[in-house]
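One file, protein-v1.csv, is given below (CSV, C-alpha atoms).
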chain,number,residue,atom,x,y,z
Y,1,MET,CA,74.2,40.0,142.6
Y,2,HIS,CA,74.6,42.7,145.1
Y,3,ASN,CA,76.2,41.5,148.3
Y,4,ILE,CA,78.9,42.8,150.6
Y,5,TYR,CA,81.7,41.5,148.3
Y,6,THR,CA,80.6,43.7,145.4
Y,7,SER,CA,80.6,46.8,147.5
Y,8,ILE,CA,84.0,45.9,149.0
Y,9,MET,CA,85.4,45.4,145.5
Y,10,LYS,CA,84.1,48.8,144.6
Y,11,TYR,CA,86.1,50.3,147.5
Y,12,ILE,CA,89.2,48.4,146.6
Y,13,VAL,CA,89.0,49.8,143.0
Y,14,GLN,CA,88.5,53.3,144.4
Y,15,PHE,CA,91.5,52.9,146.7
Y,16,GLU,CA,93.6,51.7,143.8
Y,17,ILE,CA,92.6,54.7,141.6
Y,18,ILE,CA,93.6,57.1,144.4
Y,19,ILE,CA,96.9,55.3,144.9
Y,20,ALA,CA,97.4,55.4,141.1
Y,21,PHE,CA,97.0,59.2,141.2
Y,22,SER,CA,99.4,59.4,144.2
Y,23,LEU,CA,101.9,57.4,142.0
Y,24,ILE,CA,101.5,59.7,139.1
Y,25,GLY,CA,102.1,62.6,141.5
Y,26,GLU,CA,105.2,60.9,142.8
Y,27,LEU,CA,106.6,60.4,139.3
Y,28,LEU,CA,106.0,64.1,138.5
Y,29,ASN,CA,107.7,65.1,141.7
Y,30,ARG,CA,110.8,63.1,140.7
Y,31,ILE,CA,110.8,64.5,137.1
Y,32,ILE,CA,110.0,68.1,137.7
Y,33,PRO,CA,112.7,69.9,139.7
Y,34,LEU,CA,110.4,72.1,141.8
Y,35,PRO,CA,109.7,71.7,145.6
Y,36,ILE,CA,106.1,70.7,144.9
Y,37,PRO,CA,105.2,67.4,146.6
Y,38,ALA,CA,103.6,64.3,145.1
Y,39,SER,CA,100.3,64.9,146.9
Y,40,ILE,CA,99.7,68.3,145.3
Y,41,TYR,CA,100.5,67.1,141.8
Y,42,GLY,CA,98.2,64.1,142.4
Y,43,MET,CA,95.4,66.4,143.7
Y,44,VAL,CA,95.6,68.7,140.7
Y,45,ILE,CA,95.7,65.8,138.2
Y,46,LEU,CA,92.8,64.0,139.9
Y,47,PHE,CA,90.8,67.3,139.9
Y,48,THR,CA,91.6,67.7,136.2
Y,49,ALA,CA,90.6,64.1,135.5
Y,50,LEU,CA,87.3,64.6,137.3
Y,51,CYS,CA,86.6,67.9,135.4
Y,52,THR,CA,87.3,66.4,132.0
Y,53,GLY,CA,85.2,63.3,132.9
Y,54,LEU,CA,88.1,61.0,132.5
Y,55,ILE,CA,87.4,59.7,136.0
Y,56,LYS,CA,83.8,59.6,137.3
Y,57,LEU,CA,83.1,61.0,140.8
Y,58,SER,CA,81.5,57.6,141.7
Y,59,ALA,CA,84.9,55.9,141.0
Y,60,VAL,CA,86.6,57.6,143.9
Y,61,LYS,CA,84.0,59.1,146.1
Y,62,GLU,CA,83.5,56.9,149.1
Y,63,THR,CA,87.1,55.8,149.7
Y,64,GLY,CA,88.2,59.4,149.1
Y,65,LYS,CA,85.8,60.8,151.7
Y,66,PHE,CA,86.9,58.1,154.1
Y,67,LEU,CA,90.5,59.1,153.7
Y,68,ILE,CA,89.6,62.8,154.2
Y,69,TYR,CA,87.5,62.0,157.2
Y,70,ILE,CA,90.4,60.2,159.0
Y,71,MET,CA,93.0,62.7,157.9
Y,72,PRO,CA,93.5,64.5,161.2
Y,73,MET,CA,94.8,61.2,162.7
Y,74,MET,CA,97.6,61.1,160.1
Y,75,PHE,CA,99.1,64.3,161.5
Y,76,ILE,CA,99.7,62.7,164.9
Y,77,PRO,CA,103.1,61.1,164.2
Y,78,ALA,CA,104.7,64.1,162.6
Y,79,THR,CA,103.4,66.5,165.3
Y,80,VAL,CA,104.6,64.1,168.1
Y,81,GLY,CA,108.0,64.6,166.3
Y,82,LEU,CA,108.1,68.1,167.9
Y,83,LEU,CA,109.6,66.1,170.8
Y,84,GLU,CA,112.7,65.4,168.7
Y,85,SER,CA,113.3,69.0,167.5
Y,86,TRP,CA,112.5,70.5,170.9
Y,87,SER,CA,116.2,70.7,171.8
Y,88,VAL,CA,117.2,72.4,168.4
Y,89,MET,CA,114.4,74.9,168.8
Y,90,GLN,CA,115.0,75.9,172.4
Y,91,GLU,CA,117.4,78.8,171.4
Y,92,PHE,CA,114.7,80.7,169.7
Y,93,LEU,CA,111.6,78.9,170.9
Y,94,THR,CA,109.7,82.1,171.9
Y,95,ALA,CA,110.4,83.7,168.5
Y,96,ILE,CA,109.1,80.6,166.6
Y,97,ILE,CA,105.9,80.3,168.7
Y,98,VAL,CA,105.1,84.1,168.7
Y,99,ILE,CA,105.8,84.4,164.9
Y,100,SER,CA,103.9,81.3,164.0
Y,101,LEU,CA,100.8,82.3,166.0
Y,102,VAL,CA,100.7,86.0,165.3
Y,103,SER,CA,101.4,85.6,161.6
Y,104,THR,CA,98.7,82.9,161.3
Y,105,VAL,CA,96.0,85.1,162.8
Y,106,LEU,CA,97.1,88.0,160.5
Y,107,VAL,CA,97.1,85.8,157.4
Y,108,MET,CA,93.7,84.3,158.2
Y,109,VAL,CA,92.0,87.6,158.9
Y,110,PHE,CA,93.5,89.3,155.8
Y,111,THR,CA,92.8,86.4,153.4
Y,112,GLY,CA,89.3,86.0,154.7
Y,113,HIS,CA,88.4,89.7,154.5
Y,114,VAL,CA,89.9,90.3,151.1
Y,115,THR,CA,88.1,87.3,149.7
Y,116,GLN,CA,84.8,88.3,151.4
Y,117,PHE,CA,85.2,91.9,150.2
Y,118,ILE,CA,85.6,90.9,146.5
Y,119,ILE,CA,82.8,88.4,146.6
Y,120,LYS,CA,80.4,91.1,148.0
Y,121,LEU,CA,81.6,93.6,145.5
Y,122,LYS,CA,80.9,91.2,142.6
Y,123,ASN,CA,77.5,90.3,144.0
Y,124,LYS,CA,76.6,94.0,144.1
Y,125,GLU,CA,77.8,94.4,140.5
Y,126,ASP,CA,75.7,91.4,139.4
Y,127,LYS,CA,72.6,92.9,140.9
Y,128,GLN,CA,73.0,96.3,139.2
G,1,MET,CA,106.9,45.3,178.8
G,2,LYS,CA,108.8,48.4,177.6
G,3,GLU,CA,111.0,46.2,175.4
G,4,ILE,CA,107.9,44.6,173.8
G,5,LEU,CA,106.4,48.1,173.0
G,6,GLU,CA,109.7,49.5,171.8
G,7,ASN,CA,110.0,46.7,169.2
G,8,SER,CA,106.3,46.5,168.3
G,9,LEU,CA,105.2,47.5,164.8
G,10,PHE,CA,101.7,48.2,166.1
G,11,PHE,CA,102.3,50.2,169.2
G,12,GLY,CA,102.8,53.5,167.2
G,13,VAL,CA,99.5,53.3,165.3
G,14,GLY,CA,97.7,51.7,168.4
G,15,ILE,CA,98.6,54.6,170.8
G,16,SER,CA,98.0,57.3,168.2
G,17,VAL,CA,94.5,56.1,167.1
G,18,GLY,CA,93.6,55.2,170.7
G,19,ALA,CA,94.6,58.7,171.9
G,20,TYR,CA,92.6,60.2,169.0
G,21,LEU,CA,89.5,58.2,170.0
G,22,ILE,CA,89.9,59.3,173.6
G,23,GLY,CA,90.2,62.9,172.3
G,24,THR,CA,87.0,62.5,170.2
G,25,TYR,CA,85.1,61.0,173.2
G,26,ILE,CA,86.1,63.9,175.5
G,27,LYS,CA,85.2,66.4,172.8
G,28,LYS,CA,81.8,64.9,172.5
G,29,ARG,CA,81.2,65.0,176.3
G,30,CYS,CA,82.6,68.5,176.8
G,31,ASN,CA,82.6,70.9,173.9
G,32,PHE,CA,85.4,73.3,175.0
G,33,PHE,CA,87.7,74.4,172.1
G,34,LEU,CA,90.9,73.3,173.8
G,35,PHE,CA,89.5,69.7,173.9
G,36,ASN,CA,90.5,69.4,170.3
G,37,PRO,CA,90.8,65.7,169.3
G,38,LEU,CA,94.1,66.2,167.5
G,39,LEU,CA,95.6,68.3,170.3
G,40,MET,CA,94.5,65.8,172.9
G,41,ALA,CA,95.8,62.8,170.8
G,42,ILE,CA,99.2,64.5,170.5
G,43,THR,CA,99.4,65.4,174.2
G,44,ILE,CA,98.4,61.9,175.3
G,45,THR,CA,100.9,60.3,172.9
G,46,ILE,CA,103.8,62.6,174.0
G,47,CYS,CA,103.0,62.0,177.7
G,48,THR,CA,102.9,58.2,177.1
G,49,LEU,CA,106.3,58.3,175.3
G,50,LEU,CA,107.8,60.5,178.0
G,51,LEU,CA,106.4,58.3,180.9
G,52,THR,CA,107.5,55.0,179.4
G,53,GLY,CA,110.8,56.3,178.0
G,54,ILE,CA,110.1,55.0,174.5
G,55,GLU,CA,112.1,56.9,171.9
G,56,TYR,CA,110.3,58.8,169.2
G,57,GLN,CA,112.2,56.8,166.5
G,58,GLN,CA,110.8,53.6,168.0
G,59,TYR,CA,107.3,54.9,168.2
G,60,ASN,CA,107.5,56.2,164.6
G,61,ASN,CA,108.7,52.9,163.4
G,62,GLY,CA,105.1,51.8,163.5
G,63,ALA,CA,103.3,55.2,163.5
G,64,LYS,CA,104.8,56.1,160.1
G,65,TYR,CA,102.1,53.9,158.5
G,66,LEU,CA,99.6,56.6,159.5
G,67,SER,CA,101.7,59.3,157.9
G,68,TYR,CA,101.9,57.1,154.8
G,69,LEU,CA,98.2,57.7,154.1
G,70,LEU,CA,98.7,61.4,154.0
G,71,THR,CA,99.6,61.6,150.3
G,72,PRO,CA,96.5,59.6,149.1
G,73,ALA,CA,94.3,61.6,151.5
G,74,THR,CA,95.6,64.9,150.1
G,75,VAL,CA,95.1,63.6,146.6
G,76,ALA,CA,91.5,62.8,147.6
G,77,LEU,CA,91.0,66.5,148.5
G,78,ALA,CA,90.3,66.9,144.7
G,79,ILE,CA,86.9,65.2,145.3
G,80,PRO,CA,85.3,67.9,147.5
G,81,LEU,CA,86.9,70.5,145.3
G,82,TYR,CA,85.3,69.0,142.2
G,83,GLU,CA,82.0,68.9,144.0
G,84,GLN,CA,82.2,72.6,144.5
G,85,VAL,CA,83.7,73.4,141.1
G,86,ARG,CA,80.8,75.8,140.1
G,87,LEU,CA,81.3,77.8,143.2
G,88,LEU,CA,85.0,77.9,142.4
G,89,LYS,CA,84.5,79.2,138.9
G,90,LYS,CA,82.0,81.8,140.1
G,91,ASN,CA,84.4,83.3,142.7
G,92,LEU,CA,87.7,82.7,140.9
G,93,THR,CA,88.9,86.3,141.1
G,94,ALA,CA,88.0,86.7,144.8
G,95,ILE,CA,89.7,83.4,145.6
G,96,LEU,CA,93.0,84.0,143.8
G,97,VAL,CA,93.3,87.6,145.0
G,98,GLY,CA,92.4,86.4,148.5
G,99,ILE,CA,95.1,83.7,148.5
G,100,ALA,CA,97.7,86.0,147.0
G,101,SER,CA,97.0,88.6,149.7
G,102,GLY,CA,97.4,85.9,152.4
G,103,VAL,CA,100.8,84.8,151.0
G,104,LEU,CA,101.9,88.4,151.0
G,105,THR,CA,100.7,89.0,154.6
G,106,SER,CA,102.5,85.8,155.7
G,107,PHE,CA,105.8,87.0,154.3
G,108,ILE,CA,105.5,90.6,155.4
G,109,SER,CA,104.5,89.6,159.0
G,110,ILE,CA,107.3,87.0,159.3
G,111,PHE,CA,109.8,89.6,157.9
G,112,ALA,CA,108.6,92.3,160.4
G,113,MET,CA,108.7,90.0,163.4
G,114,ALA,CA,112.1,88.5,162.3
G,115,LEU,CA,113.4,92.1,162.6
G,116,LEU,CA,111.7,92.5,165.9
G,117,PHE,CA,113.3,89.3,167.3
G,118,HIS,CA,116.7,90.1,165.6
G,119,LEU,CA,116.7,86.8,163.7
G,120,GLY,CA,119.5,86.0,161.3
G,121,HIS,CA,119.1,85.0,157.6
G,122,THR,CA,118.9,81.3,158.3
G,123,GLU,CA,116.3,81.6,161.0
G,124,TYR,CA,114.2,84.0,158.8
G,125,VAL,CA,114.1,81.7,155.8
G,126,THR,CA,113.4,78.7,158.1
G,127,LEU,CA,110.2,80.4,159.1
G,128,LEU,CA,109.1,81.6,155.7
G,129,PRO,CA,107.3,78.4,154.6
G,130,LYS,CA,105.4,78.0,157.9
G,131,SER,CA,101.9,78.4,156.5
G,132,ILE,CA,102.2,75.9,153.7
G,133,THR,CA,101.8,72.1,153.7
G,134,THR,CA,104.6,70.1,155.2
G,135,ALA,CA,105.9,68.5,152.0
G,136,ILE,CA,106.2,71.8,150.1
G,137,GLY,CA,107.6,73.4,153.2
G,138,ILE,CA,110.4,70.9,153.6
G,139,GLY,CA,111.3,71.3,149.9
G,140,LEU,CA,111.3,75.1,150.2
G,141,SER,CA,113.3,75.2,153.4
G,142,GLU,CA,115.9,72.9,151.9
G,143,GLU,CA,116.0,75.2,148.8
G,144,LEU,CA,116.5,78.3,151.0
G,145,ASN,CA,119.1,76.5,153.2
G,146,GLY,CA,117.0,76.8,156.4
G,147,TYR,CA,116.8,74.5,159.4
G,148,VAL,CA,114.4,71.9,158.0
G,149,ALA,CA,113.5,70.3,161.4
G,150,ILE,CA,112.5,73.8,162.7
G,151,THR,CA,110.5,74.6,159.6
G,152,VAL,CA,108.5,71.3,160.1
G,153,SER,CA,107.9,72.3,163.8
G,154,ALA,CA,106.7,75.8,162.8
G,155,ILE,CA,104.4,74.2,160.2
G,156,MET,CA,103.0,71.8,162.8
G,157,ILE,CA,102.5,74.6,165.4
G,158,THR,CA,100.7,76.7,162.8
G,159,GLY,CA,98.6,73.7,161.6
G,160,LEU,CA,97.6,72.6,165.1
G,161,PHE,CA,96.7,76.2,166.0
G,162,GLY,CA,94.5,76.4,162.8
G,163,ASN,CA,92.9,73.1,163.7
G,164,ILE,CA,92.1,74.3,167.2
G,165,ALA,CA,91.3,78.0,166.7
G,166,GLY,CA,90.7,78.5,162.9
G,167,ALA,CA,86.9,78.5,163.1
G,168,GLY,CA,86.9,80.7,166.2
G,169,ILE,CA,89.2,83.3,164.6
G,170,CYS,CA,87.1,83.6,161.5
G,171,ARG,CA,84.0,84.0,163.7
G,172,LEU,CA,85.7,86.6,165.9
G,173,PHE,CA,86.9,88.7,163.1
G,174,GLY,CA,83.6,88.7,161.1
G,175,ILE,CA,84.6,86.3,158.3
G,176,LYS,CA,81.2,84.8,157.6
G,177,HIS,CA,81.0,83.9,153.9
G,178,PRO,CA,81.7,80.1,153.6
G,179,VAL,CA,84.0,80.6,150.6
G,180,ALA,CA,86.0,83.2,152.5
G,181,THR,CA,86.2,81.1,155.6
G,182,GLY,CA,87.6,78.1,153.7
G,183,ILE,CA,90.1,80.2,151.8
G,184,ALA,CA,91.3,81.9,155.0
G,185,ILE,CA,91.8,78.7,156.9
G,186,GLY,CA,93.5,76.9,154.1
G,187,THR,CA,95.9,79.7,153.2
G,188,ALA,CA,96.9,80.3,156.8
G,189,THR,CA,97.0,76.7,158.2
G,190,HIS,CA,97.4,74.3,155.3
G,191,VAL,CA,96.1,70.7,155.4
G,192,MET,CA,95.8,70.5,159.2
G,193,GLY,CA,93.4,73.5,159.1
G,194,THR,CA,91.6,72.0,156.1
G,195,ALA,CA,90.8,68.9,158.2
G,196,LYS,CA,88.9,71.2,160.5
G,197,ALA,CA,87.3,73.2,157.6
G,198,MET,CA,85.9,69.9,156.3
G,199,GLU,CA,84.1,69.6,159.6
G,200,ILE,CA,82.6,73.1,159.4
G,201,GLY,CA,81.1,72.5,156.0
G,202,GLU,CA,81.6,71.1,152.5
G,203,VAL,CA,82.1,74.5,150.9
G,204,GLU,CA,84.6,75.5,153.6
G,205,GLY,CA,86.5,72.2,153.2
G,206,ALA,CA,86.7,72.4,149.4
G,207,MET,CA,87.9,76.0,149.3
G,208,SER,CA,90.4,75.2,152.0
G,209,SER,CA,91.9,72.3,150.0
G,210,LEU,CA,92.1,74.5,147.0
G,211,SER,CA,94.0,77.2,148.9
G,212,VAL,CA,96.5,74.7,150.2
G,213,ALA,CA,97.6,73.9,146.7
G,214,VAL,CA,97.5,77.5,145.4
G,215,ALA,CA,99.1,79.1,148.4
G,216,GLY,CA,101.8,76.5,148.4
G,217,CYS,CA,102.7,77.2,144.8
G,218,MET,CA,102.5,81.0,145.3
G,219,THR,CA,104.7,80.8,148.4
G,220,VAL,CA,107.4,78.9,146.5
G,221,GLY,CA,107.3,81.6,143.8
G,222,ALA,CA,107.3,84.6,146.1
G,223,ALA,CA,110.0,83.1,148.5
G,224,ILE,CA,112.7,83.7,145.9
G,225,ILE,CA,112.0,87.5,146.2
G,226,PHE,CA,111.5,87.6,150.0
G,227,GLU,CA,114.4,85.4,150.8
G,228,GLY,CA,116.9,88.2,150.3
G,229,PHE,CA,115.3,90.7,152.7
G,230,ILE,CA,117.2,89.6,155.7
Step by step, read the file and then write its structure as structure tokens.
Amino acid sequence: MHNIYTSIMKYIVQFEIIIAFSLIGELLNRIIPLPIPASIYGMVILFTALCTGLIKLSAVKETGKFLIYIMPMMFIPATVGLLESWSVMQEFLTAIIVISLVSTVLVMVFTGHVTQFIIKLKNKEDKQ
Amino acid sequence: MKEILENSLFFGVGISVGAYLIGTYIKKRCNFFLFNPLLMAITITICTLLLTGIEYQQYNNGAKYLSYLLTPATVALAIPLYEQVRLLKKNLTAILVGIASGVLTSFISIFAMALLFHLGHTEYVTLLPKSITTAIGIGLSEELNGYVAITVSAIMITGLFGNIAGAGICRLFGIKHPVATGIAIGTATHVMGTAKAMEIGEVEGAMSSLSVAVAGCMTVGAAIIFEGFI
């Protein structure tokens, strides 16, 4: 029987699988003494599980995409927190803002062009 | 009234999501790049807090449940990445070399500008993790004995800038290939930029999520060398 409850159950199972991978990530973050967060471990392990076929794409897809889609909202509380560190930053506020913005533009342009250049180079090689 | 809001568990999420919806609505009506939903949501929320005099801690008491979802959402970034795995394998060299050059550019440019602004060692290492995702950035800043609160602020400023201007910068500087665009946005502006890359396209989003993880790890590795420069 296909009704709203079966599809809701599917989303709950998907959510639980994603939480389980977050939990595994959390455990690794505790065990391994590197400054790599739970989320990155979880992402790498879920990716590996998908590639090896241990977890099917359909077991995480909809809920995962929902979480990704609403992700921008999750940054609001931390960014509003700039209010708190405003006073600490004041002393070298200009430096922080200028360095952040200029270096971001440089990184983006360099990364993009290096990647694009190698892709084009390879495409040419493939054609020859 | 203020007292009710201060002690409310739902005010934080309510105002944040409400402000985001207003931001999305205005963006739909008027497609000007500064009308970025995230930027508007943050501005509206900050103004509300300042006008009502509600402390950040009290706001965050409820709003932290939004941040709570960030870990599962980042884990879920494996999904678009898996969907683009063929593209990833095909362009592996370009992607890895691209991200590595980005990490290097980040360190060199921060180093050069730190000299220009006469920053001390602590300020310099505080800014080194600014392009990587918050959770790795906090860990790295602690490791290097930087000011963690300022590292977080620099990461937020960088991410917000990427979310607002990432697509525009790529267009302006002639980065057209979807793989290159995604790698550029993710390496420079971490998960906040990735959220925008997802809107540009599936390939861009997937490549951007990949570079958040790879650039984060490369930054941790390379920081040990660059830390001693100032």
Handout entry: Top pick for closest residue to chain Y, considering G:Leu5, G:Ile132, G:Met156, G:Ile22 and counting only C-alpha atoms
Key =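 Distance minimum relative to chain Y lands on G:Met156.
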**Prompt:** Which residues come within 12 Å of G:Ala112, counting all atoms listed in the file, excluding same-chain residues fewer than 2 positions away, as a list in words?
**Reply:**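 Non-adjacent residues within range: Ala95, Ile99, Val102 and Ser103 of chain Y; Thr105, Ser106, Phe107, Ile108, Ser109, Ile110, Ala114, Leu115, Leu116, Phe117, His118, Leu119, Tyr124, Leu128, Phe226, Phe229 and Ile230 of chain G.
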Would you save the residues of that selection, restricted to C-alpha atoms, as a PDB file, in the coordinates of the input?
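Output file out17.pdb is given in full below:
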ATOM      1  CA  ALA Y  95     110.400  83.700 168.500  1.00  0.00           C
ATOM      2  CA  ILE Y  99     105.800  84.400 164.900  1.00  0.00           C
ATOM      3  CA  VAL Y 102     100.700  86.000 165.300  1.00  0.00           C
ATOM      4  CA  SER Y 103     101.400  85.600 161.600  1.00  0.00           C
TER       5      SER Y 103
ATOM      6  CA  THR G 105     100.700  89.000 154.600  1.00  0.00           C
ATOM      7  CA  SER G 106     102.500  85.800 155.700  1.00  0.00           C
ATOM      8  CA  PHE G 107     105.800  87.000 154.300  1.00  0.00           C
ATOM      9  CA  ILE G 108     105.500  90.600 155.400  1.00  0.00           C
ATOM     10  CA  SER G 109     104.500  89.600 159.000  1.00  0.00           C
ATOM     11  CA  ILE G 110     107.300  87.000 159.300  1.00  0.00           C
ATOM     12  CA  ALA G 114     112.100  88.500 162.300  1.00  0.00           C
ATOM     13  CA  LEU G 115     113.400  92.100 162.600  1.00  0.00           C
ATOM     14  CA  LEU G 116     111.700  92.500 165.900  1.00  0.00           C
ATOM     15  CA  PHE G 117     113.300  89.300 167.300  1.00  0.00           C
ATOM     16  CA  HIS G 118     116.700  90.100 165.600  1.00  0.00           C
ATOM     17  CA  LEU G 119     116.700  86.800 163.700  1.00  0.00           C
ATOM     18  CA  TYR G 124     114.200  84.000 158.800  1.00  0.00           C
ATOM     19  CA  LEU G 128     109.100  81.600 155.700  1.00  0.00           C
ATOM     20  CA  PHE G 226     111.500  87.600 150.000  1.00  0.00           C
ATOM     21  CA  PHE G 229     115.300  90.700 152.700  1.00  0.00           C
ATOM     22  CA  ILE G 230     117.200  89.600 155.700  1.00  0.00           C
TER      23      ILE G 230
END
Using all atoms listed in the file, find the residues of chain Y whose closest atom to chain G is at most 6 Å away, then write them as a PDB file with C-alpha atoms, in the coordinates of the input.
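To be explicit, this is the file written out as out-v7.pdb:
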ATOM      1  CA  SER Y  22      99.400  59.400 144.200  1.00  0.00           C
ATOM      2  CA  PRO Y  35     109.700  71.700 145.600  1.00  0.00           C
ATOM      3  CA  ILE Y  36     106.100  70.700 144.900  1.00  0.00           C
ATOM      4  CA  PRO Y  37     105.200  67.400 146.600  1.00  0.00           C
ATOM      5  CA  SER Y  39     100.300  64.900 146.900  1.00  0.00           C
ATOM      6  CA  GLY Y  42      98.200  64.100 142.400  1.00  0.00           C
ATOM      7  CA  MET Y  43      95.400  66.400 143.700  1.00  0.00           C
ATOM      8  CA  PHE Y  47      90.800  67.300 139.900  1.00  0.00           C
ATOM      9  CA  GLY Y  64      88.200  59.400 149.100  1.00  0.00           C
ATOM     10  CA  LEU Y  67      90.500  59.100 153.700  1.00  0.00           C
ATOM     11  CA  ILE Y  68      89.600  62.800 154.200  1.00  0.00           C
ATOM     12  CA  PRO Y  72      93.500  64.500 161.200  1.00  0.00           C
ATOM     13  CA  MET Y  74      97.600  61.100 160.100  1.00  0.00           C
ATOM     14  CA  ILE Y  76      99.700  62.700 164.900  1.00  0.00           C
ATOM     15  CA  PRO Y  77     103.100  61.100 164.200  1.00  0.00           C
ATOM     16  CA  THR Y  79     103.400  66.500 165.300  1.00  0.00           C
ATOM     17  CA  VAL Y  80     104.600  64.100 168.100  1.00  0.00           C
ATOM     18  CA  LEU Y  82     108.100  68.100 167.900  1.00  0.00           C
ATOM     19  CA  SER Y 100     103.900  81.300 164.000  1.00  0.00           C
ATOM     20  CA  SER Y 103     101.400  85.600 161.600  1.00  0.00           C
ATOM     21  CA  THR Y 104      98.700  82.900 161.300  1.00  0.00           C
ATOM     22  CA  VAL Y 107      97.100  85.800 157.400  1.00  0.00           C
ATOM     23  CA  MET Y 108      93.700  84.300 158.200  1.00  0.00           C
ATOM     24  CA  THR Y 111      92.800  86.400 153.400  1.00  0.00           C
ATOM     25  CA  GLY Y 112      89.300  86.000 154.700  1.00  0.00           C
ATOM     26  CA  VAL Y 114      89.900  90.300 151.100  1.00  0.00           C
ATOM     27  CA  THR Y 115      88.100  87.300 149.700  1.00  0.00           C
ATOM     28  CA  GLN Y 116      84.800  88.300 151.400  1.00  0.00           C
ATOM     29  CA  ILE Y 118      85.600  90.900 146.500  1.00  0.00           C
ATOM     30  CA  ILE Y 119      82.800  88.400 146.600  1.00  0.00           C
TER      31      ILE Y 119
END
task = Work out how far apart atom CA of G:Gly201 and atom CA of G:Gly23 are and give it in Å to one decimal.
result =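 The value is 21.0 Å.
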Problem - Point-to-point distance in Å for atom CA of G:Gly146 and atom CA of G:Gly228 - result: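 Pair atom CA of G:Gly228 / atom CA of G:Gly146 returns 12.9 Å.
Atom CA of G:Val125 sits 15.6 Å away from atom CA of Y:Leu93.
Proximity of G:Ile224, G:Ala167, G:Ala197, G:Ala215 to G:Phe33, computed with all atoms listed in the file, is greatest for G:Ala167.
With all atoms listed in the file as the atoms that count, the minimum distance from Y:Thr48 to the choices Y:Phe21, Y:Ile96, Y:Glu125, Y:Gln90 is reached by Y:Phe21.
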